[in-house]
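Data block for work02.pdb (PDB, C-alpha atoms):
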ATOM      1  CA  MET A   1      79.930 106.375  22.239
ATOM      2  CA  SER A   2      79.858 105.879  18.464
ATOM      3  CA  SER A   3      79.489 108.008  15.361
ATOM      4  CA  SER A   4      75.769 107.190  15.316
ATOM      5  CA  ASP A   5      75.412 109.234  18.536
ATOM      6  CA  PHE A   6      76.255 112.340  16.518
ATOM      7  CA  SER A   7      74.166 114.101  13.952
ATOM      8  CA  ILE A   8      76.497 116.680  12.543
ATOM      9  CA  GLU A   9      77.463 117.449   8.958
ATOM     10  CA  GLN A  10      81.003 117.020   7.671
ATOM     11  CA  SER A  11      80.762 120.574   6.331
ATOM     12  CA  ASP A  12      80.073 121.846   9.853
ATOM     13  CA  LEU A  13      83.028 119.895  11.289
ATOM     14  CA  GLU A  14      85.299 121.698   8.860
ATOM     15  CA  LYS A  15      84.293 125.010  10.434
ATOM     16  CA  LEU A  16      86.025 124.115  13.718
ATOM     17  CA  SER A  17      88.880 126.444  14.595
ATOM     18  CA  ASP A  18      92.173 125.009  15.872
ATOM     19  CA  LYS A  19      91.419 126.397  19.312
ATOM     20  CA  ASP A  20      88.035 124.664  19.443
ATOM     21  CA  LYS A  21      89.576 121.424  18.141
ATOM     22  CA  THR A  22      92.080 121.483  21.012
ATOM     23  CA  GLU A  23      89.280 122.170  23.462
ATOM     24  CA  LEU A  24      87.253 119.262  22.070
ATOM     25  CA  ARG A  25      90.227 116.888  22.332
ATOM     26  CA  GLN A  26      90.542 117.826  26.000
ATOM     27  CA  PHE A  27      86.805 117.399  26.498
ATOM     28  CA  PHE A  28      86.879 113.890  24.998
ATOM     29  CA  ALA A  29      89.923 112.902  27.058
ATOM     30  CA  ASN A  30      88.033 113.949  30.206
ATOM     31  CA  GLU A  31      84.872 112.187  29.062
ATOM     32  CA  GLU A  32      86.826 109.011  28.414
ATOM     33  CA  GLN A  33      88.121 109.066  31.970
ATOM     34  CA  ARG A  34      84.684 109.848  33.408
ATOM     35  CA  SER A  35      83.247 106.996  31.400
ATOM     36  CA  ARG A  36      85.924 104.542  32.614
ATOM     37  CA  ILE A  37      85.260 105.525  36.223
ATOM     38  CA  GLN A  38      81.518 105.134  35.743
ATOM     39  CA  SER A  39      81.810 101.667  34.258
ATOM     40  CA  GLN A  40      84.168 100.573  37.035
ATOM     41  CA  THR A  41      81.620 102.005  39.517
ATOM     42  CA  HIS A  42      78.882  99.854  37.930
ATOM     43  CA  GLU A  43      81.018  96.774  38.317
ATOM     44  CA  LEU A  44      82.055  97.546  41.910
ATOM     45  CA  THR A  45      78.476  98.379  42.927
ATOM     46  CA  GLY A  46      77.394  94.939  41.702
ATOM     47  CA  ILE A  47      80.212  93.198  43.591
ATOM     48  CA  CYS A  48      79.781  95.169  46.823
ATOM     49  CA  TRP A  49      75.982  95.060  46.764
ATOM     50  CA  LYS A  50      76.195  91.289  47.020
ATOM     51  CA  LYS A  51      78.540  91.497  50.018
ATOM     52  CA  CYS A  52      77.062  94.456  51.908
ATOM     53  CA  ILE A  53      73.310  94.530  51.313
ATOM     54  CA  THR A  54      72.427  91.192  52.774
ATOM     55  CA  SER A  55      68.885  91.425  54.177
ATOM     56  CA  SER A  56      66.446  89.251  52.257
ATOM     57  CA  THR A  57      63.818  91.954  51.782
ATOM     58  CA  ILE A  58      64.662  95.617  51.473
ATOM     59  CA  LYS A  59      62.653  97.827  53.765
ATOM     60  CA  SER A  60      64.340 101.180  53.422
ATOM     61  CA  GLY A  61      65.595 103.057  50.362
ATOM     62  CA  ALA A  62      68.380 104.662  52.381
ATOM     63  CA  LEU A  63      71.679 103.054  53.342
ATOM     64  CA  ASP A  64      72.144 102.437  57.056
ATOM     65  CA  LYS A  65      75.468 103.235  58.703
ATOM     66  CA  GLY A  66      76.633  99.607  58.611
ATOM     67  CA  GLU A  67      75.852  99.225  54.904
ATOM     68  CA  GLN A  68      77.546 102.507  54.093
ATOM     69  CA  ASN A  69      80.736 101.511  55.942
ATOM     70  CA  CYS A  70      80.697  98.087  54.348
ATOM     71  CA  LEU A  71      80.429  99.577  50.836
ATOM     72  CA  ALA A  72      83.341 101.954  51.431
ATOM     73  CA  ASN A  73      85.476  99.131  52.879
ATOM     74  CA  CYS A  74      84.474  96.859  50.020
ATOM     75  CA  VAL A  75      85.752  99.338  47.419
ATOM     76  CA  ASP A  76      88.992  99.977  49.313
ATOM     77  CA  ARG A  77      89.713  96.290  49.935
ATOM     78  CA  PHE A  78      88.918  95.443  46.321
ATOM     79  CA  MET A  79      91.537  97.968  45.259
ATOM     80  CA  ASP A  80      94.016  96.560  47.801
ATOM     81  CA  ALA A  81      93.400  93.051  46.497
ATOM     82  CA  ASN A  82      93.886  94.288  42.954
ATOM     83  CA  LEU A  83      97.218  95.890  43.875
ATOM     84  CA  ALA A  84      98.348  92.789  45.773
ATOM     85  CA  THR A  85      97.604  90.649  42.715
ATOM     86  CA  MET A  86      99.546  92.978  40.434
ATOM     87  CA  LYS A  87     102.458  93.037  42.850
ATOM     88  CA  HIS A  88     102.581  89.266  43.101
ATOM     89  CA  LEU A  89     102.297  88.956  39.341
ATOM     90  CA  ALA A  90     105.316  91.229  38.950
ATOM     91  CA  SER A  91     107.338  89.092  41.374
ATOM     92  CA  MET A  92     106.303  85.909  39.530
ATOM     93  CA  ARG A  93     107.492  87.423  36.253
ATOM     94  CA  GLN A  94     110.882  88.191  37.773
ATOM     95  CA  GLN A  95     111.348  84.582  38.813
ATOM     96  CA  HIS A  96     110.894  83.283  35.268
TER
ATOM     97  CA  MET B   1      76.812 127.463  12.431
ATOM     98  CA  ASP B   2      80.124 128.974  13.450
ATOM     99  CA  SER B   3      82.989 127.093  15.115
ATOM    100  CA  ASP B   4      81.696 127.762  18.620
ATOM    101  CA  ALA B   5      78.207 126.496  17.774
ATOM    102  CA  VAL B   6      79.627 123.345  16.154
ATOM    103  CA  LYS B   7      81.770 122.706  19.243
ATOM    104  CA  LYS B   8      78.806 123.180  21.584
ATOM    105  CA  THR B   9      76.655 120.855  19.487
ATOM    106  CA  ILE B  10      79.298 118.117  19.602
ATOM    107  CA  ILE B  11      79.700 118.471  23.381
ATOM    108  CA  LYS B  12      75.952 118.393  23.928
ATOM    109  CA  GLN B  13      75.476 115.276  21.791
ATOM    110  CA  ALA B  14      78.430 113.519  23.432
ATOM    111  CA  LEU B  15      77.154 114.213  26.957
ATOM    112  CA  GLN B  16      73.701 113.030  25.988
ATOM    113  CA  ALA B  17      75.113 109.768  24.618
ATOM    114  CA  THR B  18      77.298 108.974  27.654
ATOM    115  CA  ASN B  19      74.624 109.959  30.162
ATOM    116  CA  THR B  20      72.011 107.838  28.401
ATOM    117  CA  ALA B  21      74.367 104.856  28.289
ATOM    118  CA  ASN B  22      75.207 105.271  31.980
ATOM    119  CA  ALA B  23      71.543 105.474  32.980
ATOM    120  CA  ARG B  24      70.714 102.422  30.862
ATOM    121  CA  THR B  25      73.438 100.333  32.553
ATOM    122  CA  LEU B  26      72.308 101.495  35.993
ATOM    123  CA  ILE B  27      68.686 100.561  35.295
ATOM    124  CA  GLU B  28      69.648  97.153  33.877
ATOM    125  CA  ASN B  29      71.677  96.415  37.001
ATOM    126  CA  ILE B  30      68.899  97.644  39.315
ATOM    127  CA  ASN B  31      66.412  95.392  37.529
ATOM    128  CA  GLU B  32      68.653  92.383  37.822
ATOM    129  CA  LYS B  33      69.682  92.877  41.485
ATOM    130  CA  CYS B  34      66.279  93.949  42.766
ATOM    131  CA  PHE B  35      64.361  91.230  40.945
ATOM    132  CA  GLU B  36      66.743  88.692  42.439
ATOM    133  CA  ARG B  37      66.305  90.165  45.929
ATOM    134  CA  CYS B  38      62.621  91.117  45.985
ATOM    135  CA  VAL B  39      61.007  88.408  43.874
ATOM    136  CA  PRO B  40      62.639  85.162  45.036
ATOM    137  CA  LYS B  41      59.633  83.025  43.999
ATOM    138  CA  PRO B  42      57.690  84.675  41.157
ATOM    139  CA  GLY B  43      53.946  84.212  41.606
ATOM    140  CA  SER B  44      51.034  84.982  39.281
ATOM    141  CA  SER B  45      51.451  88.723  39.931
ATOM    142  CA  LEU B  46      53.687  91.075  41.918
ATOM    143  CA  SER B  47      52.486  91.264  45.526
ATOM    144  CA  SER B  48      52.305  94.633  47.266
ATOM    145  CA  GLY B  49      55.209  93.503  49.472
ATOM    146  CA  GLU B  50      57.291  92.763  46.390
ATOM    147  CA  GLN B  51      56.423  96.136  44.890
ATOM    148  CA  THR B  52      57.415  97.989  48.067
ATOM    149  CA  CYS B  53      60.658  96.025  48.167
ATOM    150  CA  LEU B  54      61.366  96.911  44.507
ATOM    151  CA  THR B  55      60.983 100.656  45.043
ATOM    152  CA  SER B  56      63.124 100.630  48.225
ATOM    153  CA  CYS B  57      65.677  98.449  46.475
ATOM    154  CA  MET B  58      65.906 100.846  43.534
ATOM    155  CA  GLU B  59      66.539 103.801  45.862
ATOM    156  CA  LYS B  60      69.043 101.826  47.902
ATOM    157  CA  TYR B  61      70.918 100.649  44.806
ATOM    158  CA  MET B  62      71.269 104.246  43.608
ATOM    159  CA  ALA B  63      72.519 105.299  47.060
ATOM    160  CA  ALA B  64      75.001 102.397  46.962
ATOM    161  CA  TRP B  65      76.163 103.465  43.481
ATOM    162  CA  ASN B  66      76.839 106.983  44.739
ATOM    163  CA  GLU B  67      78.691 105.703  47.808
ATOM    164  CA  VAL B  68      80.837 103.349  45.714
ATOM    165  CA  ASN B  69      81.531 106.087  43.156
ATOM    166  CA  ALA B  70      82.619 108.573  45.839
ATOM    167  CA  THR B  71      84.873 106.006  47.552
ATOM    168  CA  TYR B  72      86.382 104.894  44.241
ATOM    169  CA  ILE B  73      87.156 108.475  43.173
ATOM    170  CA  ARG B  74      88.676 109.222  46.603
ATOM    171  CA  ARG B  75      90.857 106.140  46.272
ATOM    172  CA  ILE B  76      92.017 106.990  42.735
ATOM    173  CA  GLN B  77      92.935 110.501  43.838
ATOM    174  CA  GLN B  78      94.834 109.042  46.787
ATOM    175  CA  GLU B  79      96.738 106.618  44.525
ATOM    176  CA  MET B  80      97.585 109.445  42.154
ATOM    177  CA  GLY B  81      98.812 111.572  45.042
ATOM    178  CA  ASN B  82     101.217 108.752  45.925
ATOM    179  CA  GLN B  83     102.846 108.971  42.542
ATOM    180  CA  SER B  84     105.045 112.044  42.315
ATOM    181  CA  LEU B  85     104.517 112.003  38.562
ATOM    182  CA  PHE B  86     100.985 113.282  39.027
ATOM    183  CA  LYS B  87     101.807 115.853  41.665
ATOM    184  CA  GLN B  88     101.214 119.400  40.558
TER
END

For the structure just supplied, provide its representation as structure tokens.
Amino acid sequence: MSSSDFSIEQSDLEKLSDKDKTELRQFFANEEQRSRIQSQTHELTGICWKKCITSSTIKSGALDKGEQNCLANCVDRFMDANLATMKHLASMRQQH
Amino acid sequence: MDSDAVKKTIIKQALQATNTANARTLIENINEKCFERCVPKPGSSLSSGEQTCLTSCMEKYMAAWNEVNATYIRRIQQEMGNQSLFKQ
């Protein structure tokens, strides 16, 4: 998101009450989190698609049970691997 | 415009911007993955088989996105539950 996404006058911004400013700060904090989760989802979908959707031509638009399980496992194991890496990194730092 | 109207305008424009950006990324990824999968050897035009594959692939990619998103959110909530700091 950038300032070019907004068409609002400076004079209108000055009309914001303190209560609405607080509400907007909360809204943007939530949006930031939602946005982070969405971009991580894009990345994970790309990674897990490669591993789980393996047939050479795609015949159905729906996920079969096997594909669905594989995708869920893929996300969970990716997170496990991520945690394992962080944990090992921490132990390597302690040794030096 | 009063304060409430200004606030609502900002929220509306922000949601529009993030939703558009999200949709654009999704479509770019669908194009890339489904072209790779459905058109392995590009010919002089798209065959009907390739076109069928592309539409199924698009639907399947969206279903996969939703599955991954749901699993990821479940996992984050689980991790947060493990940290007493975030417990209510």

Evaluate the ChimeraX specification (/A :<10) & /B and record the selected residues as a PDB file with C-alpha atoms, in the frame of the given file, following the chain and residue labels used in the document.
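Final file, part-v2.pdb:
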ATOM      1  CA  MET B   1      76.812 127.463  12.431  1.00  0.00           C
ATOM      2  CA  ASP B   2      80.124 128.974  13.450  1.00  0.00           C
ATOM      3  CA  SER B   3      82.989 127.093  15.115  1.00  0.00           C
ATOM      4  CA  ASP B   4      81.696 127.762  18.620  1.00  0.00           C
ATOM      5  CA  ALA B   5      78.207 126.496  17.774  1.00  0.00           C
ATOM      6  CA  VAL B   6      79.627 123.345  16.154  1.00  0.00           C
ATOM      7  CA  LYS B   7      81.770 122.706  19.243  1.00  0.00           C
ATOM      8  CA  LYS B   8      78.806 123.180  21.584  1.00  0.00           C
ATOM      9  CA  THR B   9      76.655 120.855  19.487  1.00  0.00           C
ATOM     10  CA  ILE B  10      79.298 118.117  19.602  1.00  0.00           C
ATOM     11  CA  ILE B  11      79.700 118.471  23.381  1.00  0.00           C
ATOM     12  CA  LYS B  12      75.952 118.393  23.928  1.00  0.00           C
ATOM     13  CA  GLN B  13      75.476 115.276  21.791  1.00  0.00           C
ATOM     14  CA  ALA B  14      78.430 113.519  23.432  1.00  0.00           C
ATOM     15  CA  LEU B  15      77.154 114.213  26.957  1.00  0.00           C
ATOM     16  CA  GLN B  16      73.701 113.030  25.988  1.00  0.00           C
ATOM     17  CA  ALA B  17      75.113 109.768  24.618  1.00  0.00           C
ATOM     18  CA  THR B  18      77.298 108.974  27.654  1.00  0.00           C
ATOM     19  CA  ASN B  19      74.624 109.959  30.162  1.00  0.00           C
ATOM     20  CA  ALA B  21      74.367 104.856  28.289  1.00  0.00           C
ATOM     21  CA  ASN B  22      75.207 105.271  31.980  1.00  0.00           C
ATOM     22  CA  THR B  25      73.438 100.333  32.553  1.00  0.00           C
ATOM     23  CA  LEU B  26      72.308 101.495  35.993  1.00  0.00           C
ATOM     24  CA  ASN B  29      71.677  96.415  37.001  1.00  0.00           C
ATOM     25  CA  ILE B  30      68.899  97.644  39.315  1.00  0.00           C
ATOM     26  CA  GLU B  32      68.653  92.383  37.822  1.00  0.00           C
ATOM     27  CA  LYS B  33      69.682  92.877  41.485  1.00  0.00           C
ATOM     28  CA  CYS B  34      66.279  93.949  42.766  1.00  0.00           C
ATOM     29  CA  GLU B  36      66.743  88.692  42.439  1.00  0.00           C
ATOM     30  CA  ARG B  37      66.305  90.165  45.929  1.00  0.00           C
ATOM     31  CA  CYS B  38      62.621  91.117  45.985  1.00  0.00           C
ATOM     32  CA  VAL B  39      61.007  88.408  43.874  1.00  0.00           C
ATOM     33  CA  PRO B  40      62.639  85.162  45.036  1.00  0.00           C
ATOM     34  CA  GLY B  49      55.209  93.503  49.472  1.00  0.00           C
ATOM     35  CA  GLU B  50      57.291  92.763  46.390  1.00  0.00           C
ATOM     36  CA  THR B  52      57.415  97.989  48.067  1.00  0.00           C
ATOM     37  CA  CYS B  53      60.658  96.025  48.167  1.00  0.00           C
ATOM     38  CA  LEU B  54      61.366  96.911  44.507  1.00  0.00           C
ATOM     39  CA  THR B  55      60.983 100.656  45.043  1.00  0.00           C
ATOM     40  CA  SER B  56      63.124 100.630  48.225  1.00  0.00           C
ATOM     41  CA  CYS B  57      65.677  98.449  46.475  1.00  0.00           C
ATOM     42  CA  MET B  58      65.906 100.846  43.534  1.00  0.00           C
ATOM     43  CA  GLU B  59      66.539 103.801  45.862  1.00  0.00           C
ATOM     44  CA  LYS B  60      69.043 101.826  47.902  1.00  0.00           C
ATOM     45  CA  TYR B  61      70.918 100.649  44.806  1.00  0.00           C
ATOM     46  CA  MET B  62      71.269 104.246  43.608  1.00  0.00           C
ATOM     47  CA  ALA B  63      72.519 105.299  47.060  1.00  0.00           C
ATOM     48  CA  ALA B  64      75.001 102.397  46.962  1.00  0.00           C
ATOM     49  CA  TRP B  65      76.163 103.465  43.481  1.00  0.00           C
ATOM     50  CA  ASN B  66      76.839 106.983  44.739  1.00  0.00           C
ATOM     51  CA  GLU B  67      78.691 105.703  47.808  1.00  0.00           C
ATOM     52  CA  VAL B  68      80.837 103.349  45.714  1.00  0.00           C
ATOM     53  CA  ASN B  69      81.531 106.087  43.156  1.00  0.00           C
ATOM     54  CA  ALA B  70      82.619 108.573  45.839  1.00  0.00           C
ATOM     55  CA  THR B  71      84.873 106.006  47.552  1.00  0.00           C
ATOM     56  CA  TYR B  72      86.382 104.894  44.241  1.00  0.00           C
ATOM     57  CA  ILE B  73      87.156 108.475  43.173  1.00  0.00           C
ATOM     58  CA  ARG B  74      88.676 109.222  46.603  1.00  0.00           C
ATOM     59  CA  ARG B  75      90.857 106.140  46.272  1.00  0.00           C
ATOM     60  CA  ILE B  76      92.017 106.990  42.735  1.00  0.00           C
TER      61      ILE B  76
END

Open item on the list: Quick check, in Å to one decimal: how far apart do CA of Asn31 in chain B and CA of Ser48 in chain B lie?
Closed with: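 CA of Asn31 in chain B sits 17.2 Å away from CA of Ser48 in chain B.
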
TODO: Tell me, in Å to one decimal, how far CA of Gln33 in chain A is from CA of Lys87 in chain A.
DONE: 24.1 Å

Open item on the list: Could you tell me how far CA of Cys70 in chain A sits from CA of Lys51 in chain A, in Å to one decimal place?
Closed with: 8.2 Å

Since the input lacks some atoms of range 70-87 of chain A, please model N, CA, C and O atoms and print them as a PDB file, in the coordinates of the input.
ATOM      1  N   CYS A  70      80.342  99.309  55.056  1.00  0.00           N
ATOM      2  CA  CYS A  70      80.697  98.087  54.348  1.00  0.00           C
ATOM      3  C   CYS A  70      81.016  98.387  52.878  1.00  0.00           C
ATOM      4  O   CYS A  70      81.996  97.897  52.336  1.00  0.00           O
ATOM      5  N   LEU A  71      80.208  99.245  52.250  1.00  0.00           N
ATOM      6  CA  LEU A  71      80.429  99.577  50.836  1.00  0.00           C
ATOM      7  C   LEU A  71      81.768 100.273  50.644  1.00  0.00           C
ATOM      8  O   LEU A  71      82.522  99.956  49.719  1.00  0.00           O
ATOM      9  N   ALA A  72      82.071 101.230  51.541  1.00  0.00           N
ATOM     10  CA  ALA A  72      83.341 101.954  51.431  1.00  0.00           C
ATOM     11  C   ALA A  72      84.517 100.999  51.634  1.00  0.00           C
ATOM     12  O   ALA A  72      85.488 101.021  50.865  1.00  0.00           O
ATOM     13  N   ASN A  73      84.418 100.123  52.648  1.00  0.00           N
ATOM     14  CA  ASN A  73      85.476  99.131  52.879  1.00  0.00           C
ATOM     15  C   ASN A  73      85.613  98.180  51.699  1.00  0.00           C
ATOM     16  O   ASN A  73      86.729  97.816  51.318  1.00  0.00           O
ATOM     17  N   CYS A  74      84.477  97.796  51.146  1.00  0.00           N
ATOM     18  CA  CYS A  74      84.474  96.859  50.020  1.00  0.00           C
ATOM     19  C   CYS A  74      85.262  97.430  48.840  1.00  0.00           C
ATOM     20  O   CYS A  74      86.098  96.747  48.250  1.00  0.00           O
ATOM     21  N   VAL A  75      85.032  98.697  48.527  1.00  0.00           N
ATOM     22  CA  VAL A  75      85.752  99.338  47.419  1.00  0.00           C
ATOM     23  C   VAL A  75      87.242  99.398  47.737  1.00  0.00           C
ATOM     24  O   VAL A  75      88.090  99.025  46.911  1.00  0.00           O
ATOM     25  N   ASP A  76      87.587  99.844  48.949  1.00  0.00           N
ATOM     26  CA  ASP A  76      88.992  99.977  49.313  1.00  0.00           C
ATOM     27  C   ASP A  76      89.722  98.634  49.330  1.00  0.00           C
ATOM     28  O   ASP A  76      90.839  98.531  48.837  1.00  0.00           O
ATOM     29  N   ARG A  77      89.061  97.599  49.880  1.00  0.00           N
ATOM     30  CA  ARG A  77      89.713  96.290  49.935  1.00  0.00           C
ATOM     31  C   ARG A  77      89.819  95.670  48.549  1.00  0.00           C
ATOM     32  O   ARG A  77      90.773  94.962  48.249  1.00  0.00           O
ATOM     33  N   PHE A  78      88.840  95.939  47.694  1.00  0.00           N
ATOM     34  CA  PHE A  78      88.918  95.443  46.321  1.00  0.00           C
ATOM     35  C   PHE A  78      90.145  96.019  45.628  1.00  0.00           C
ATOM     36  O   PHE A  78      90.880  95.312  44.944  1.00  0.00           O
ATOM     37  N   MET A  79      90.377  97.310  45.849  1.00  0.00           N
ATOM     38  CA  MET A  79      91.537  97.968  45.259  1.00  0.00           C
ATOM     39  C   MET A  79      92.833  97.416  45.844  1.00  0.00           C
ATOM     40  O   MET A  79      93.807  97.210  45.125  1.00  0.00           O
ATOM     41  N   ASP A  80      92.838  97.164  47.163  1.00  0.00           N
ATOM     42  CA  ASP A  80      94.016  96.560  47.801  1.00  0.00           C
ATOM     43  C   ASP A  80      94.306  95.187  47.195  1.00  0.00           C
ATOM     44  O   ASP A  80      95.460  94.866  46.900  1.00  0.00           O
ATOM     45  N   ALA A  81      93.240  94.399  47.046  1.00  0.00           N
ATOM     46  CA  ALA A  81      93.400  93.051  46.497  1.00  0.00           C
ATOM     47  C   ALA A  81      93.950  93.117  45.078  1.00  0.00           C
ATOM     48  O   ALA A  81      94.838  92.355  44.690  1.00  0.00           O
ATOM     49  N   ASN A  82      93.433  94.079  44.318  1.00  0.00           N
ATOM     50  CA  ASN A  82      93.886  94.288  42.954  1.00  0.00           C
ATOM     51  C   ASN A  82      95.383  94.605  42.923  1.00  0.00           C
ATOM     52  O   ASN A  82      96.151  94.013  42.156  1.00  0.00           O
ATOM     53  N   LEU A  83      95.804  95.508  43.806  1.00  0.00           N
ATOM     54  CA  LEU A  83      97.218  95.890  43.875  1.00  0.00           C
ATOM     55  C   LEU A  83      98.097  94.717  44.306  1.00  0.00           C
ATOM     56  O   LEU A  83      99.183  94.514  43.755  1.00  0.00           O
ATOM     57  N   ALA A  84      97.583  93.937  45.286  1.00  0.00           N
ATOM     58  CA  ALA A  84      98.348  92.789  45.773  1.00  0.00           C
ATOM     59  C   ALA A  84      98.559  91.777  44.646  1.00  0.00           C
ATOM     60  O   ALA A  84      99.641  91.210  44.496  1.00  0.00           O
ATOM     61  N   THR A  85      97.505  91.579  43.837  1.00  0.00           N
ATOM     62  CA  THR A  85      97.604  90.649  42.715  1.00  0.00           C
ATOM     63  C   THR A  85      98.648  91.129  41.707  1.00  0.00           C
ATOM     64  O   THR A  85      99.484  90.357  41.246  1.00  0.00           O
ATOM     65  N   MET A  86      98.601  92.414  41.401  1.00  0.00           N
ATOM     66  CA  MET A  86      99.546  92.978  40.434  1.00  0.00           C
ATOM     67  C   MET A  86     100.977  92.857  40.937  1.00  0.00           C
ATOM     68  O   MET A  86     101.888  92.551  40.178  1.00  0.00           O
ATOM     69  N   LYS A  87     101.137  93.104  42.243  1.00  0.00           N
ATOM     70  CA  LYS A  87     102.458  93.037  42.850  1.00  0.00           C
ATOM     71  C   LYS A  87     103.000  91.614  42.792  1.00  0.00           C
ATOM     72  O   LYS A  87     104.157  91.393  42.422  1.00  0.00           O
TER      73      LYS A  87
END
